[in-house]
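Below: the structure, in structure tokens.
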Amino acid sequence: MKWMDEFRDRDLVVSLLGRIDTACMDRRYRLMEFCGGHTHALYRYSLIEALPEAVEMVHGPGCPVCVLPAGRIDMAIDLVRHRDVVLCTYGDMLRVPGGRGESLFSARASGGEVRMVYSPLDAVDMAERMPDRQVVFFAVGFETTAPATALALDRARALGLRNFTVFCNHVLTVPAMRAIADDGEEAAIDGIIGPGHVTAVIGSEAFAPIATDYRLPVAIAGFEPTDLLAAILVLLHQINAGEARIENAYARAVTAKGNEQAAALMNKVFALRQCFAWRGLGELEASAFKVADEYAGFDAEQRFGMDDLEHADHRACRCAEVLRGQMQPRDCPVFATACTPEHPLGACMVSSEGACAAAFRYEHRPAEVEA
Amino acid sequence: MCLAIPARVVEIRDEGMALVEVEGVRREASLALVEADVDDYVILHVGIAITRLDEAEAERTLSMLRKVVGGDEKENTA
């Protein structure tokens, strides 16, 4: 087993596309791929073009950089102004514009200590090596990256570190999916491709309420082309039959219960926030983690007395509609004109997993320049 | 930060860490949250293995896919 080649097999891909074509009845199918990784894969393998016209893929909010409101970026930038703070975060976060026209990148250019790390465990190591600095890990992400932050908090406590804290912005998949489903008419989605790696952590059972409460079928998919096409095919079958079930089309990585060790650790170090503001989705109850009371000494919001900041998005930017599946990136008035990967106005254009960045990279054809 | 591909476990180390290999590149990663042995494949996210890949399930998926698409060749000849 090579784990990738088999699931990229050209003949299988062509045959699956044929089966999908056959399964299409005389109607349209609007399917949302929740995860930004899936958006990227659909573009990368040209599946969006290859799918029959009747199947429309709608991009979902599953890009952690994109759903973080600008105010949280500004809060991180304010942290960098503390003289002894070293702020560590993922590379994707550096260029995201905050609400005041700054980014972490520009904060670094004006002298702030901002470091890119691959893993939160690297930030813990850094805190060990720099006892006279305050190392803050700016944590973002859904349930795929939250276990790593949990592990970092646990390790920092075991090491007795007094100079490591987490600015926690972890968000949860199921409440976001509910918010999309609550939109009903506006998003008008017929089925959902469930995020494979989030589900490896939380388990496919976690999506049961989406099928029962909203009558929406969910197919959990991996990230190779045959994974995505198989998930689309099972969704079409369910939609045609008027069914709404959770189907696991990524059985090699996902179980019904998920990673129970990771869940237990997250329950220990995190607590649910009563409410969290998402870009595009607004305030959602019980939709994000904060650092648990037992780990309060490692909570950057408490140590640095951080105030919540709110900032509206750039007024021309339509990220909110893109994130809700109500607008395709190319229909945004500033797409590829005022907003490009080099000069992003909105977060969806910054992150490599953002729908606008994927559309720009794979779909955008600049007008031909006359010779 | 979310794009993850399978990594092979090369060597188990202390404190839940392991040496893993992704497309020929070796690095350290945490196995604290999964049960995995040398030569198992895991999915890594930001340096932490979040799940071990199940070979029997992978084979089952592939044979199911081949069966599904093998059913009606005539529709796929276009």
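Chain labels follow the order of the structure tokens: the first chain is A, the next B, and so on; residue numbering restarts at 1 in every chain, and ligands are counted from 1 in their shown order.
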**Request:** Kindly determine which residues of chain B lie within 9 Å of chain A, considering only C-alpha atoms, and give the answer as a PyMOL selection string.
**Result:** chain B and resi 1-6+30+32-34+41-43+45-62+65-66+68-70+72-73+75-77
Query - Backbone DSSP call of helix (DSSP H, G or I) for stretch 197-275 of chain A, listed as a PyMOL selection string - result: chain A and resi 197-202+204-214+225-241+260-269
Taking the chain letters and numbering used in this document, name the residues of chain B that DSSP puts in strand (DSSP E), as a list of chain:residue names.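 Answer for chain B restricted to strand (DSSP E) is B:Pro6, B:Ala7, B:Arg8, B:Val9, B:Val10, B:Glu11, B:Ile12, B:Met17, B:Ala18, B:Leu19, B:Val20, B:Glu21, B:Val22, B:Val25, B:Arg26, B:Arg27, B:Glu28, B:Ala29, B:Ser30, B:Tyr41, B:Val42, B:Ile43, B:Leu44, B:His45, B:Ile48, B:Ala49, B:Ile50, B:Thr51, B:Arg52.
Near stretch 295-307 of chain A, within 9 Å and counting only C-alpha atoms, sit Met75, Asp78, Leu79, His82, Val136, Phe137, Phe138, Leu153, Asp154, Ala156, Arg157, Leu161, Arg162, Asn163, Phe164, Thr165, Val166, Phe167, Cys168, Lys268, Val269, Phe270, Lys290, Val291 and Ala292 of chain A, not including residues fewer than 3 positions from it in the same chain.
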For the residues in that selection, give me C-alpha atoms as a PDB file, in the first residue's frame.
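Contents of out.pdb, freshly written:
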ATOM      1  CA  MET A  75      -5.484  41.222  19.587  1.00  0.00           C
ATOM      2  CA  ASP A  78      -1.281  44.041  20.389  1.00  0.00           C
ATOM      3  CA  LEU A  79       0.419  41.151  22.196  1.00  0.00           C
ATOM      4  CA  HIS A  82       4.609  43.735  24.910  1.00  0.00           C
ATOM      5  CA  VAL A 136       2.796  33.005  23.366  1.00  0.00           C
ATOM      6  CA  PHE A 137       1.388  30.488  20.920  1.00  0.00           C
ATOM      7  CA  PHE A 138      -1.366  32.022  18.749  1.00  0.00           C
ATOM      8  CA  LEU A 153      -0.416  22.940  27.066  1.00  0.00           C
ATOM      9  CA  ASP A 154      -0.087  19.616  28.828  1.00  0.00           C
ATOM     10  CA  ALA A 156       4.170  23.052  29.313  1.00  0.00           C
ATOM     11  CA  ARG A 157       2.417  22.261  32.578  1.00  0.00           C
ATOM     12  CA  LEU A 161       7.001  26.485  32.416  1.00  0.00           C
ATOM     13  CA  ARG A 162       6.058  29.947  33.647  1.00  0.00           C
ATOM     14  CA  ASN A 163       6.758  31.712  30.366  1.00  0.00           C
ATOM     15  CA  PHE A 164       4.475  29.817  27.970  1.00  0.00           C
ATOM     16  CA  THR A 165       0.872  30.726  27.216  1.00  0.00           C
ATOM     17  CA  VAL A 166      -1.679  30.045  24.485  1.00  0.00           C
ATOM     18  CA  PHE A 167      -3.911  32.636  22.814  1.00  0.00           C
ATOM     19  CA  CYS A 168      -6.645  30.133  22.071  1.00  0.00           C
ATOM     20  CA  LYS A 268      -8.972  18.266  30.136  1.00  0.00           C
ATOM     21  CA  VAL A 269      -7.169  21.354  28.837  1.00  0.00           C
ATOM     22  CA  PHE A 270      -9.967  23.217  27.041  1.00  0.00           C
ATOM     23  CA  LYS A 290     -10.830  28.491  25.582  1.00  0.00           C
ATOM     24  CA  VAL A 291      -8.106  27.354  27.965  1.00  0.00           C
ATOM     25  CA  ALA A 292      -9.686  25.469  30.898  1.00  0.00           C
TER      26      ALA A 292
END
One decimal place gives the atom CA of A:Gly203-atom CA of A:Ile232 separation as 19.7 Å
*Separation of atom CA of A:Arg273 and atom CA of A:Glu113, in Å?*
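Going from atom CA of A:Arg273 over to atom CA of A:Glu113 covers 28.5 Å.
Interatomic distance, atom CA of B:Asp37 against atom CA of B:Gly24: 18.4 Å.
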Pick the closest to A:Glu294 from A:Ala271, A:Cys24, A:Ala355, A:Ala70: which is it, counting only C-alpha atoms?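 Distance minimum relative to A:Glu294 lands on A:Ala271.
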>> When you look at A:Gly242 with a cut-off of 10 Å (counting only C-alpha atoms), what residues show up, excluding the ones that are within fewer than 4 positions of it in the same chain? I need them as a PyMOL selection string.
In response: chain A and resi 215-217+236-238
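Closest approach to B:Glu23 among B:Leu44, B:Val38, B:Arg8, B:Met64 is made by B:Arg8 (distances from only C-alpha atoms).
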Which residues are near B:Val9? Cut-off 10 Å, only C-alpha atoms, ignore same chain within fewer than 5 positions. Put them as a list in words.
Ala18, Leu19, Val20, Glu21, Val22, Arg26, Glu28, Ala29, Leu31, Ala36, Asp37, Val38, Asp39, Asp40, Tyr41 and Val42 of chain B
**Message:** When you count only C-alpha atoms, which of these residues is closest to A:Asp125: A:Arg155, A:Glu247, A:Gly71, A:Cys332?
**Reply:**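 Using only C-alpha atoms, A:Asp125 sits closest to A:Arg155.
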query: Any idea what's packed within 7 Å of A:Glu321, counting only C-alpha atoms, ignoring anything in its chain fewer than 5 positions away? Could you give it as number ranges by chain?
result: A: 280, 326-327
Min atom-atom distance to A:Ala347 from the set A:Leu281, A:Ala107, A:Val67, A:Ile20, counting only C-alpha atoms, belongs to A:Val67
